[in-house]
file query-v3.cif (mmCIF, N, CA and C atoms)
data_work
#
loop_
_atom_site.label_atom_id
_atom_site.label_comp_id
_atom_site.auth_asym_id
_atom_site.auth_seq_id
_atom_site.Cartn_x
_atom_site.Cartn_y
_atom_site.Cartn_z
N GLN A 1 112.96 145.04 63.42
CA GLN A 1 114.37 144.74 63.67
C GLN A 1 114.47 143.51 64.57
N VAL A 2 115.28 142.56 64.11
CA VAL A 2 115.45 141.33 64.86
C VAL A 2 116.56 141.50 65.89
N GLN A 3 116.27 141.05 67.10
CA GLN A 3 117.28 141.07 68.15
C GLN A 3 117.22 139.78 68.95
N LEU A 4 118.38 139.23 69.23
CA LEU A 4 118.53 138.12 70.16
C LEU A 4 119.48 138.61 71.24
N VAL A 5 119.01 138.62 72.48
CA VAL A 5 119.81 139.18 73.57
C VAL A 5 120.03 138.11 74.64
N GLU A 6 121.29 137.73 74.77
CA GLU A 6 121.64 136.71 75.77
C GLU A 6 121.97 137.36 77.11
N SER A 7 121.76 136.60 78.16
CA SER A 7 122.14 137.03 79.50
C SER A 7 122.39 135.80 80.36
N GLY A 8 122.99 136.01 81.52
CA GLY A 8 123.18 134.92 82.47
C GLY A 8 124.59 134.37 82.55
N GLY A 9 125.47 134.84 81.70
CA GLY A 9 126.85 134.37 81.77
C GLY A 9 127.57 134.94 82.98
N GLY A 10 128.78 134.44 83.20
CA GLY A 10 129.55 134.93 84.33
C GLY A 10 130.64 133.96 84.71
N LEU A 11 131.18 134.19 85.88
CA LEU A 11 132.25 133.35 86.43
C LEU A 11 131.64 132.36 87.42
N VAL A 12 131.99 131.10 87.26
CA VAL A 12 131.46 130.07 88.15
C VAL A 12 132.58 129.07 88.43
N GLN A 13 132.54 128.46 89.59
CA GLN A 13 133.54 127.46 89.95
C GLN A 13 133.22 126.12 89.29
N PRO A 14 134.23 125.31 89.08
CA PRO A 14 133.98 123.96 88.54
C PRO A 14 132.96 123.22 89.40
N GLY A 15 132.04 122.53 88.73
CA GLY A 15 130.96 121.84 89.41
C GLY A 15 129.73 122.68 89.63
N GLY A 16 129.83 123.97 89.36
CA GLY A 16 128.71 124.88 89.56
C GLY A 16 127.72 124.87 88.41
N SER A 17 126.74 125.74 88.51
CA SER A 17 125.67 125.83 87.52
C SER A 17 125.45 127.26 87.08
N LEU A 18 124.96 127.40 85.87
CA LEU A 18 124.52 128.68 85.33
C LEU A 18 123.30 128.45 84.47
N ARG A 19 122.47 129.46 84.37
CA ARG A 19 121.33 129.42 83.46
C ARG A 19 121.41 130.60 82.52
N LEU A 20 121.56 130.30 81.26
CA LEU A 20 121.58 131.34 80.24
C LEU A 20 120.18 131.56 79.70
N SER A 21 119.90 132.80 79.34
CA SER A 21 118.63 133.16 78.73
C SER A 21 118.89 133.92 77.45
N CYS A 22 118.00 133.77 76.50
CA CYS A 22 118.07 134.51 75.24
C CYS A 22 116.65 134.98 74.91
N VAL A 23 116.47 136.28 74.89
CA VAL A 23 115.18 136.85 74.55
C VAL A 23 115.21 137.34 73.11
N ALA A 24 114.24 136.90 72.33
CA ALA A 24 114.16 137.26 70.92
C ALA A 24 113.06 138.27 70.69
N SER A 25 113.29 139.16 69.75
CA SER A 25 112.27 140.11 69.33
C SER A 25 112.36 140.27 67.83
N GLY A 26 111.23 140.61 67.22
CA GLY A 26 111.21 140.85 65.78
C GLY A 26 111.05 139.60 64.93
N ILE A 27 110.80 138.46 65.56
CA ILE A 27 110.60 137.21 64.82
C ILE A 27 109.36 136.49 65.37
N ARG A 28 108.81 135.58 64.55
CA ARG A 28 107.73 134.71 65.03
C ARG A 28 108.40 133.54 65.76
N PHE A 29 108.67 133.80 67.00
CA PHE A 29 109.57 132.96 67.79
C PHE A 29 109.20 131.48 67.73
N SER A 30 107.94 131.16 67.84
CA SER A 30 107.53 129.76 67.95
C SER A 30 107.88 128.96 66.70
N MET A 31 108.09 129.64 65.58
CA MET A 31 108.37 128.95 64.34
C MET A 31 109.86 128.65 64.17
N TYR A 32 110.67 129.25 65.00
CA TYR A 32 112.12 129.17 64.83
C TYR A 32 112.73 128.02 65.61
N THR A 33 113.70 127.37 64.98
CA THR A 33 114.60 126.50 65.71
C THR A 33 115.56 127.40 66.47
N MET A 34 115.58 127.22 67.79
CA MET A 34 116.47 128.01 68.62
C MET A 34 117.60 127.12 69.12
N SER A 35 118.78 127.68 69.19
CA SER A 35 119.92 126.88 69.60
C SER A 35 120.94 127.73 70.33
N TRP A 36 121.78 127.03 71.05
CA TRP A 36 122.93 127.64 71.72
C TRP A 36 124.19 127.04 71.09
N HIS A 37 125.14 127.92 70.87
CA HIS A 37 126.44 127.54 70.36
C HIS A 37 127.49 128.18 71.26
N ARG A 38 128.70 127.68 71.17
CA ARG A 38 129.76 128.30 71.96
C ARG A 38 131.06 128.32 71.17
N GLN A 39 131.90 129.27 71.53
CA GLN A 39 133.21 129.38 70.89
C GLN A 39 134.25 129.74 71.93
N ALA A 40 135.20 128.84 72.08
CA ALA A 40 136.32 129.07 72.98
C ALA A 40 137.47 129.69 72.19
N PRO A 41 138.37 130.38 72.87
CA PRO A 41 139.50 131.01 72.17
C PRO A 41 140.28 130.00 71.35
N GLY A 42 140.49 130.32 70.09
CA GLY A 42 141.28 129.45 69.22
C GLY A 42 140.54 128.24 68.69
N LYS A 43 139.26 128.15 68.98
CA LYS A 43 138.48 127.00 68.53
C LYS A 43 137.31 127.45 67.66
N GLN A 44 136.78 126.50 66.91
CA GLN A 44 135.61 126.80 66.08
C GLN A 44 134.35 126.85 66.93
N ARG A 45 133.38 127.60 66.42
CA ARG A 45 132.10 127.63 67.10
C ARG A 45 131.45 126.25 66.98
N GLU A 46 130.85 125.79 68.08
CA GLU A 46 130.23 124.47 68.08
C GLU A 46 128.82 124.53 68.64
N LEU A 47 127.99 123.61 68.16
CA LEU A 47 126.62 123.50 68.66
C LEU A 47 126.64 122.94 70.07
N VAL A 48 125.88 123.58 70.95
CA VAL A 48 125.70 123.06 72.30
C VAL A 48 124.36 122.33 72.39
N ALA A 49 123.29 123.00 71.97
CA ALA A 49 121.96 122.40 72.06
C ALA A 49 121.00 123.15 71.16
N ALA A 50 119.97 122.46 70.69
CA ALA A 50 118.96 123.07 69.83
C ALA A 50 117.59 122.56 70.24
N ILE A 51 116.56 123.38 69.94
CA ILE A 51 115.19 122.99 70.30
C ILE A 51 114.21 123.55 69.27
N ILE A 52 113.29 122.71 68.83
CA ILE A 52 112.18 123.13 67.99
C ILE A 52 110.96 122.33 68.41
N SER A 53 109.88 123.02 68.67
CA SER A 53 108.70 122.37 69.26
C SER A 53 109.16 121.60 70.49
N GLY A 54 108.88 120.35 70.59
CA GLY A 54 109.29 119.58 71.75
C GLY A 54 110.53 118.76 71.54
N LEU A 55 111.19 118.98 70.41
CA LEU A 55 112.36 118.17 70.08
C LEU A 55 113.65 118.89 70.44
N THR A 56 114.57 118.17 71.03
CA THR A 56 115.85 118.74 71.41
C THR A 56 117.00 117.91 70.83
N ASN A 57 118.11 118.59 70.67
CA ASN A 57 119.32 117.94 70.18
C ASN A 57 120.50 118.55 70.92
N TYR A 58 121.45 117.71 71.33
CA TYR A 58 122.58 118.19 72.11
C TYR A 58 123.90 117.79 71.47
N GLY A 59 124.86 118.70 71.58
CA GLY A 59 126.22 118.34 71.22
C GLY A 59 126.79 117.41 72.25
N ASP A 60 127.82 116.69 71.87
CA ASP A 60 128.40 115.70 72.78
C ASP A 60 128.85 116.31 74.10
N SER A 61 129.33 117.54 74.04
CA SER A 61 129.85 118.18 75.26
C SER A 61 128.75 118.52 76.26
N ALA A 62 127.51 118.59 75.78
CA ALA A 62 126.40 119.02 76.63
C ALA A 62 125.56 117.86 77.18
N LYS A 63 125.65 116.73 76.55
CA LYS A 63 124.77 115.61 76.91
C LYS A 63 124.94 115.22 78.38
N GLY A 64 123.80 115.16 79.06
CA GLY A 64 123.80 114.74 80.46
C GLY A 64 124.06 115.85 81.45
N ARG A 65 124.50 117.02 80.97
CA ARG A 65 124.81 118.12 81.90
C ARG A 65 123.99 119.37 81.62
N PHE A 66 123.67 119.61 80.36
CA PHE A 66 122.95 120.82 79.97
C PHE A 66 121.53 120.48 79.54
N THR A 67 120.63 121.44 79.75
CA THR A 67 119.25 121.27 79.30
C THR A 67 118.78 122.54 78.61
N ILE A 68 118.30 122.38 77.38
CA ILE A 68 117.73 123.51 76.66
C ILE A 68 116.22 123.47 76.78
N SER A 69 115.62 124.65 76.92
CA SER A 69 114.17 124.75 76.99
C SER A 69 113.76 126.09 76.41
N ARG A 70 112.47 126.23 76.15
CA ARG A 70 111.97 127.48 75.58
C ARG A 70 110.61 127.80 76.16
N ASP A 71 110.31 129.09 76.18
CA ASP A 71 109.00 129.59 76.57
C ASP A 71 108.53 130.47 75.44
N ASN A 72 107.67 129.94 74.59
CA ASN A 72 107.21 130.70 73.42
C ASN A 72 106.40 131.93 73.82
N GLY A 73 105.75 131.88 74.97
CA GLY A 73 105.00 133.03 75.42
C GLY A 73 105.89 134.21 75.81
N LYS A 74 107.14 133.90 76.16
CA LYS A 74 108.09 134.94 76.55
C LYS A 74 109.18 135.16 75.49
N ASN A 75 109.04 134.46 74.35
CA ASN A 75 110.05 134.57 73.29
C ASN A 75 111.46 134.34 73.84
N THR A 76 111.59 133.36 74.68
CA THR A 76 112.84 133.12 75.39
C THR A 76 113.27 131.66 75.29
N VAL A 77 114.56 131.47 75.08
CA VAL A 77 115.15 130.14 75.14
C VAL A 77 116.19 130.15 76.25
N TYR A 78 116.26 129.02 76.95
CA TYR A 78 117.14 128.91 78.10
C TYR A 78 118.16 127.80 77.89
N LEU A 79 119.26 127.91 78.60
CA LEU A 79 120.22 126.82 78.66
C LEU A 79 120.64 126.67 80.12
N GLN A 80 120.17 125.60 80.73
CA GLN A 80 120.57 125.27 82.09
C GLN A 80 121.84 124.43 82.02
N MET A 81 122.89 124.92 82.64
CA MET A 81 124.18 124.24 82.59
C MET A 81 124.57 123.81 84.00
N ASN A 82 124.73 122.52 84.17
CA ASN A 82 125.12 121.95 85.46
C ASN A 82 126.47 121.25 85.34
N SER A 83 127.07 120.99 86.49
CA SER A 83 128.36 120.28 86.53
C SER A 83 129.37 120.91 85.57
N LEU A 84 129.48 122.21 85.64
CA LEU A 84 130.35 122.92 84.70
C LEU A 84 131.81 122.57 84.91
N LYS A 85 132.54 122.54 83.80
CA LYS A 85 133.94 122.20 83.78
C LYS A 85 134.74 123.36 83.20
N PRO A 86 136.03 123.45 83.52
CA PRO A 86 136.83 124.53 82.92
C PRO A 86 136.77 124.53 81.39
N GLU A 87 136.64 123.38 80.79
CA GLU A 87 136.58 123.32 79.32
C GLU A 87 135.26 123.84 78.76
N ASP A 88 134.30 124.16 79.62
CA ASP A 88 133.06 124.81 79.18
C ASP A 88 133.25 126.31 79.00
N THR A 89 134.39 126.82 79.40
CA THR A 89 134.67 128.25 79.24
C THR A 89 134.62 128.64 77.77
N ALA A 90 133.78 129.63 77.47
CA ALA A 90 133.59 130.05 76.08
C ALA A 90 132.62 131.22 76.06
N VAL A 91 132.50 131.83 74.90
CA VAL A 91 131.40 132.75 74.65
C VAL A 91 130.24 131.92 74.11
N TYR A 92 129.09 132.08 74.72
CA TYR A 92 127.90 131.32 74.34
C TYR A 92 126.97 132.23 73.53
N TYR A 93 126.58 131.72 72.36
CA TYR A 93 125.76 132.49 71.45
C TYR A 93 124.39 131.83 71.27
N CYS A 94 123.39 132.66 71.19
CA CYS A 94 122.03 132.21 70.88
C CYS A 94 121.81 132.36 69.37
N ASN A 95 121.13 131.39 68.79
CA ASN A 95 120.83 131.43 67.35
C ASN A 95 119.37 131.10 67.13
N GLY A 96 118.76 131.81 66.19
CA GLY A 96 117.41 131.51 65.76
C GLY A 96 117.40 131.29 64.26
N ARG A 97 116.79 130.17 63.83
CA ARG A 97 116.84 129.84 62.40
C ARG A 97 115.48 129.35 61.93
N TYR A 98 115.06 129.87 60.77
CA TYR A 98 113.83 129.42 60.13
C TYR A 98 113.98 129.63 58.64
N GLY A 99 114.08 128.57 57.91
CA GLY A 99 114.30 128.68 56.47
C GLY A 99 115.61 129.40 56.20
N VAL A 100 115.54 130.46 55.42
CA VAL A 100 116.75 131.23 55.09
C VAL A 100 117.08 132.27 56.14
N HIS A 101 116.21 132.41 57.10
CA HIS A 101 116.41 133.40 58.15
C HIS A 101 117.28 132.80 59.25
N ASP A 102 118.36 133.51 59.56
CA ASP A 102 119.36 132.98 60.49
C ASP A 102 119.91 134.15 61.28
N TYR A 103 119.64 134.17 62.59
CA TYR A 103 120.01 135.32 63.41
C TYR A 103 120.83 134.87 64.61
N TRP A 104 121.78 135.76 65.00
CA TRP A 104 122.66 135.47 66.13
C TRP A 104 122.60 136.59 67.16
N GLY A 105 122.77 136.21 68.41
CA GLY A 105 122.94 137.19 69.45
C GLY A 105 124.39 137.63 69.55
N GLN A 106 124.66 138.52 70.48
CA GLN A 106 126.00 139.08 70.61
C GLN A 106 126.92 138.20 71.45
N GLY A 107 126.35 137.26 72.17
CA GLY A 107 127.13 136.34 72.98
C GLY A 107 127.23 136.76 74.43
N THR A 108 127.41 135.77 75.28
CA THR A 108 127.62 136.01 76.70
C THR A 108 128.77 135.12 77.17
N GLN A 109 129.67 135.70 77.94
CA GLN A 109 130.87 134.97 78.36
C GLN A 109 130.56 134.08 79.56
N VAL A 110 130.99 132.85 79.45
CA VAL A 110 130.93 131.91 80.57
C VAL A 110 132.36 131.49 80.89
N THR A 111 132.76 131.70 82.13
CA THR A 111 134.10 131.32 82.57
C THR A 111 133.98 130.37 83.76
N VAL A 112 134.58 129.20 83.62
CA VAL A 112 134.55 128.21 84.68
C VAL A 112 135.96 128.09 85.24
N SER A 113 136.13 128.55 86.45
CA SER A 113 137.47 128.59 87.04
C SER A 113 137.37 128.66 88.55
N SER A 114 138.36 128.07 89.19
CA SER A 114 138.43 128.17 90.65
C SER A 114 139.32 129.34 91.07
#

call {"tool": "encode", "arguments": {"input": "query-v3.cif", "output": "structure tokens"}}
result
Amino acid sequence: QVQLVESGGGLVQPGGSLRLSCVASGIRFSMYTMSWHRQAPGKQRELVAAIISGLTNYGDSAKGRFTISRDNGKNTVYLQMNSLKPEDTAVYYCNGRYGVHDYWGQGTQVTVSS
């Protein structure tokens, strides 16, 4: 059974930082492209960042502020988020993709507010 379990979300003030984690089980983690996506109320889900091997890709909203990384030994992908803004408020989802295999976590809420 495949599971992606996110953690690390919460309430943070503008300018603050959060680190999200996603632990995967039931997949050959190192072979998967892992990514973070987010969805704000009333908006479409959007790519935040993706990582495969040593290659990373960032959505425009994340460039310069967020960093994606992975630890294949721990089957975990991280998203370090700095300089958070109120517009970063959303549910953040972890995704793992390899060929036709495409799995999502349940999401973790990030709220940026003073």

call {"tool": "residues_around", "arguments": {"input": "query-v3.cif", "residues": "segment 1-8 of chain A", "least_positions_apart": "2", "cutoff": "6.5 Å", "atoms": "only N, CA and C atoms", "output": "JSON, numbers by chain"}}
result
{"A": [10, 18, 19, 20, 21, 22, 23, 24, 25, 26, 27, 94, 104, 105, 106, 107, 108]}

call {"tool": "closest_residue", "arguments": {"input": "query-v3.cif", "among": "A:Tyr78, A:Trp36, A:Tyr92, A:Phe29", "to": "Val48 of chain A", "atoms": "only C-alpha atoms"}}
result
A:Trp36

call {"tool": "atom_distance", "arguments": {"input": "query-v3.cif", "atom1": "atom C of Gly73 of chain A", "atom2": "atom N of Ser30 of chain A"}}
result
8.8 Å

call {"tool": "closest_residue", "arguments": {"input": "query-v3.cif", "among": "A:Ser35, A:Gln13, A:Asn82, A:Ser53", "to": "Thr67 of chain A", "atoms": "only N, CA and C atoms"}}
result
A:Asn82

call {"tool": "select_by_dssp", "arguments": {"input": "query-v3.cif", "residues": "chain A", "states": "strand (DSSP E or B)", "output": "PyMOL selection string"}}
result
chain A and resi 3-7+10-12+18-25+33-39+46-52+55-58+66-71+76-81+90-98+101-104+108-112

call {"tool": "residues_around", "arguments": {"input": "query-v3.cif", "residues": "Thr56 of chain A", "least_positions_apart": "3", "cutoff": "9 Å", "atoms": "only C-alpha atoms", "output": "number ranges by chain"}}
result
A: 49-53, 67-69

call {"tool": "resolve_selection", "arguments": {"input": "query-v3.cif", "expression": "the PyMOL selection byres ((chain A and resi 85) around 6)", "output": "list in words"}}
result
Pro14, Gly15, Ser83, Leu84, Pro86, Glu87, Asp88, Thr89 and Val112 of chain A

call {"tool": "atom_distance", "arguments": {"input": "query-v3.cif", "atom1": "atom CA of Ser17 of chain A", "atom2": "atom CA of Phe66 of chain A"}}
result
9.5 Å

call {"tool": "atom_distance", "arguments": {"input": "query-v3.cif", "atom1": "atom CA of Thr111 of chain A", "atom2": "atom CA of Ala40 of chain A"}}
result
10.1 Å

call {"tool": "resolve_selection", "arguments": {"input": "query-v3.cif", "expression": "the PyMOL selection byres ((chain A and resi 96) around 6)", "output": "list of chain:residue names"}}
result
A:Tyr32, A:Thr33, A:Met34, A:Ser35, A:Cys94, A:Asn95, A:Arg97, A:Tyr98, A:His101, A:Asp102, A:Tyr103, A:Trp104

call {"tool": "resolve_selection", "arguments": {"input": "query-v3.cif", "expression": "the PyMOL selection byres (((chain A and resi 39 and name CA) around 9) and name CA)", "output": "VMD selection string"}}
result
chain A and resid 37 to 38 40 to 46 89 to 93

call {"tool": "build_atoms", "arguments": {"input": "query-v3.cif", "residues": "segment 56-67 of chain A", "atoms": "all heavy atoms", "output": "mmCIF file, in the frame of the given file"}}
result
data_model
loop_
_atom_site.group_PDB
_atom_site.id
_atom_site.type_symbol
_atom_site.label_atom_id
_atom_site.label_comp_id
_atom_site.auth_asym_id
_atom_site.auth_seq_id
_atom_site.Cartn_x
_atom_site.Cartn_y
_atom_site.Cartn_z
ATOM 1 N N THR A 56 114.570 118.170 71.030
ATOM 2 C CA THR A 56 115.850 118.740 71.410
ATOM 3 C C THR A 56 117.000 117.910 70.830
ATOM 4 O O THR A 56 116.856 116.733 70.555
ATOM 5 C CB THR A 56 116.016 118.807 72.933
ATOM 6 O OG1 THR A 56 115.882 117.484 73.476
ATOM 7 C CG2 THR A 56 114.964 119.696 73.556
ATOM 8 N N ASN A 57 118.110 118.590 70.670
ATOM 9 C CA ASN A 57 119.320 117.940 70.180
ATOM 10 C C ASN A 57 120.500 118.550 70.920
ATOM 11 O O ASN A 57 120.553 119.770 71.116
ATOM 12 C CB ASN A 57 119.472 118.170 68.672
ATOM 13 C CG ASN A 57 120.691 117.482 68.112
ATOM 14 O OD1 ASN A 57 120.960 116.338 68.434
ATOM 15 N ND2 ASN A 57 121.442 118.183 67.275
ATOM 16 N N TYR A 58 121.450 117.710 71.330
ATOM 17 C CA TYR A 58 122.580 118.190 72.110
ATOM 18 C C TYR A 58 123.900 117.790 71.470
ATOM 19 O O TYR A 58 124.029 116.687 70.920
ATOM 20 C CB TYR A 58 122.540 117.613 73.527
ATOM 21 C CG TYR A 58 121.385 118.113 74.359
ATOM 22 C CD1 TYR A 58 120.173 117.427 74.384
ATOM 23 C CD2 TYR A 58 121.490 119.291 75.088
ATOM 24 C CE1 TYR A 58 119.106 117.898 75.130
ATOM 25 C CE2 TYR A 58 120.434 119.762 75.843
ATOM 26 C CZ TYR A 58 119.245 119.064 75.858
ATOM 27 O OH TYR A 58 118.186 119.539 76.604
ATOM 28 N N GLY A 59 124.860 118.700 71.580
ATOM 29 C CA GLY A 59 126.220 118.340 71.220
ATOM 30 C C GLY A 59 126.790 117.410 72.250
ATOM 31 O O GLY A 59 126.306 117.345 73.395
ATOM 32 N N ASP A 60 127.820 116.690 71.870
ATOM 33 C CA ASP A 60 128.400 115.700 72.780
ATOM 34 C C ASP A 60 128.850 116.310 74.100
ATOM 35 O O ASP A 60 128.759 115.686 75.154
ATOM 36 C CB ASP A 60 129.581 115.000 72.099
ATOM 37 C CG ASP A 60 129.139 114.059 70.999
ATOM 38 O OD1 ASP A 60 127.940 113.677 70.987
ATOM 39 O OD2 ASP A 60 129.967 113.708 70.143
ATOM 40 N N SER A 61 129.330 117.540 74.040
ATOM 41 C CA SER A 61 129.850 118.180 75.260
ATOM 42 C C SER A 61 128.750 118.520 76.260
ATOM 43 O O SER A 61 129.011 118.704 77.439
ATOM 44 C CB SER A 61 130.602 119.458 74.889
ATOM 45 O OG SER A 61 129.728 120.383 74.266
ATOM 46 N N ALA A 62 127.510 118.590 75.780
ATOM 47 C CA ALA A 62 126.400 119.020 76.630
ATOM 48 C C ALA A 62 125.560 117.860 77.180
ATOM 49 O O ALA A 62 124.834 118.042 78.157
ATOM 50 C CB ALA A 62 125.499 119.959 75.857
ATOM 51 N N LYS A 63 125.650 116.730 76.550
ATOM 52 C CA LYS A 63 124.770 115.610 76.910
ATOM 53 C C LYS A 63 124.940 115.220 78.380
ATOM 54 O O LYS A 63 126.041 115.003 78.857
ATOM 55 C CB LYS A 63 125.049 114.407 76.008
ATOM 56 C CG LYS A 63 124.593 114.622 74.578
ATOM 57 C CD LYS A 63 124.936 113.439 73.679
ATOM 58 C CE LYS A 63 124.506 113.694 72.248
ATOM 59 N NZ LYS A 63 124.893 112.600 71.332
ATOM 60 N N GLY A 64 123.800 115.160 79.060
ATOM 61 C CA GLY A 64 123.800 114.740 80.460
ATOM 62 C C GLY A 64 124.060 115.850 81.450
ATOM 63 O O GLY A 64 123.879 115.654 82.662
ATOM 64 N N ARG A 65 124.500 117.020 80.970
ATOM 65 C CA ARG A 65 124.810 118.120 81.900
ATOM 66 C C ARG A 65 123.990 119.370 81.620
ATOM 67 O O ARG A 65 123.712 120.141 82.539
ATOM 68 C CB ARG A 65 126.294 118.463 81.814
ATOM 69 C CG ARG A 65 127.229 117.331 82.195
ATOM 70 C CD ARG A 65 128.663 117.813 82.255
ATOM 71 N NE ARG A 65 129.127 118.318 80.960
ATOM 72 C CZ ARG A 65 129.711 119.504 80.790
ATOM 73 N NH1 ARG A 65 129.898 120.311 81.818
ATOM 74 N NH2 ARG A 65 130.121 119.892 79.593
ATOM 75 N N PHE A 66 123.670 119.610 80.360
ATOM 76 C CA PHE A 66 122.950 120.820 79.970
ATOM 77 C C PHE A 66 121.530 120.480 79.540
ATOM 78 O O PHE A 66 121.290 119.396 78.992
ATOM 79 C CB PHE A 66 123.657 121.520 78.821
ATOM 80 C CG PHE A 66 125.051 122.020 79.122
ATOM 81 C CD1 PHE A 66 125.799 122.637 78.121
ATOM 82 C CD2 PHE A 66 125.634 121.890 80.378
ATOM 83 C CE1 PHE A 66 127.076 123.109 78.356
ATOM 84 C CE2 PHE A 66 126.909 122.349 80.633
ATOM 85 C CZ PHE A 66 127.637 122.957 79.618
ATOM 86 N N THR A 67 120.630 121.440 79.750
ATOM 87 C CA THR A 67 119.250 121.270 79.300
ATOM 88 C C THR A 67 118.780 122.540 78.610
ATOM 89 O O THR A 67 118.874 123.629 79.178
ATOM 90 C CB THR A 67 118.315 120.976 80.480
ATOM 91 O OG1 THR A 67 118.761 119.803 81.164
ATOM 92 C CG2 THR A 67 116.888 120.754 79.991
#
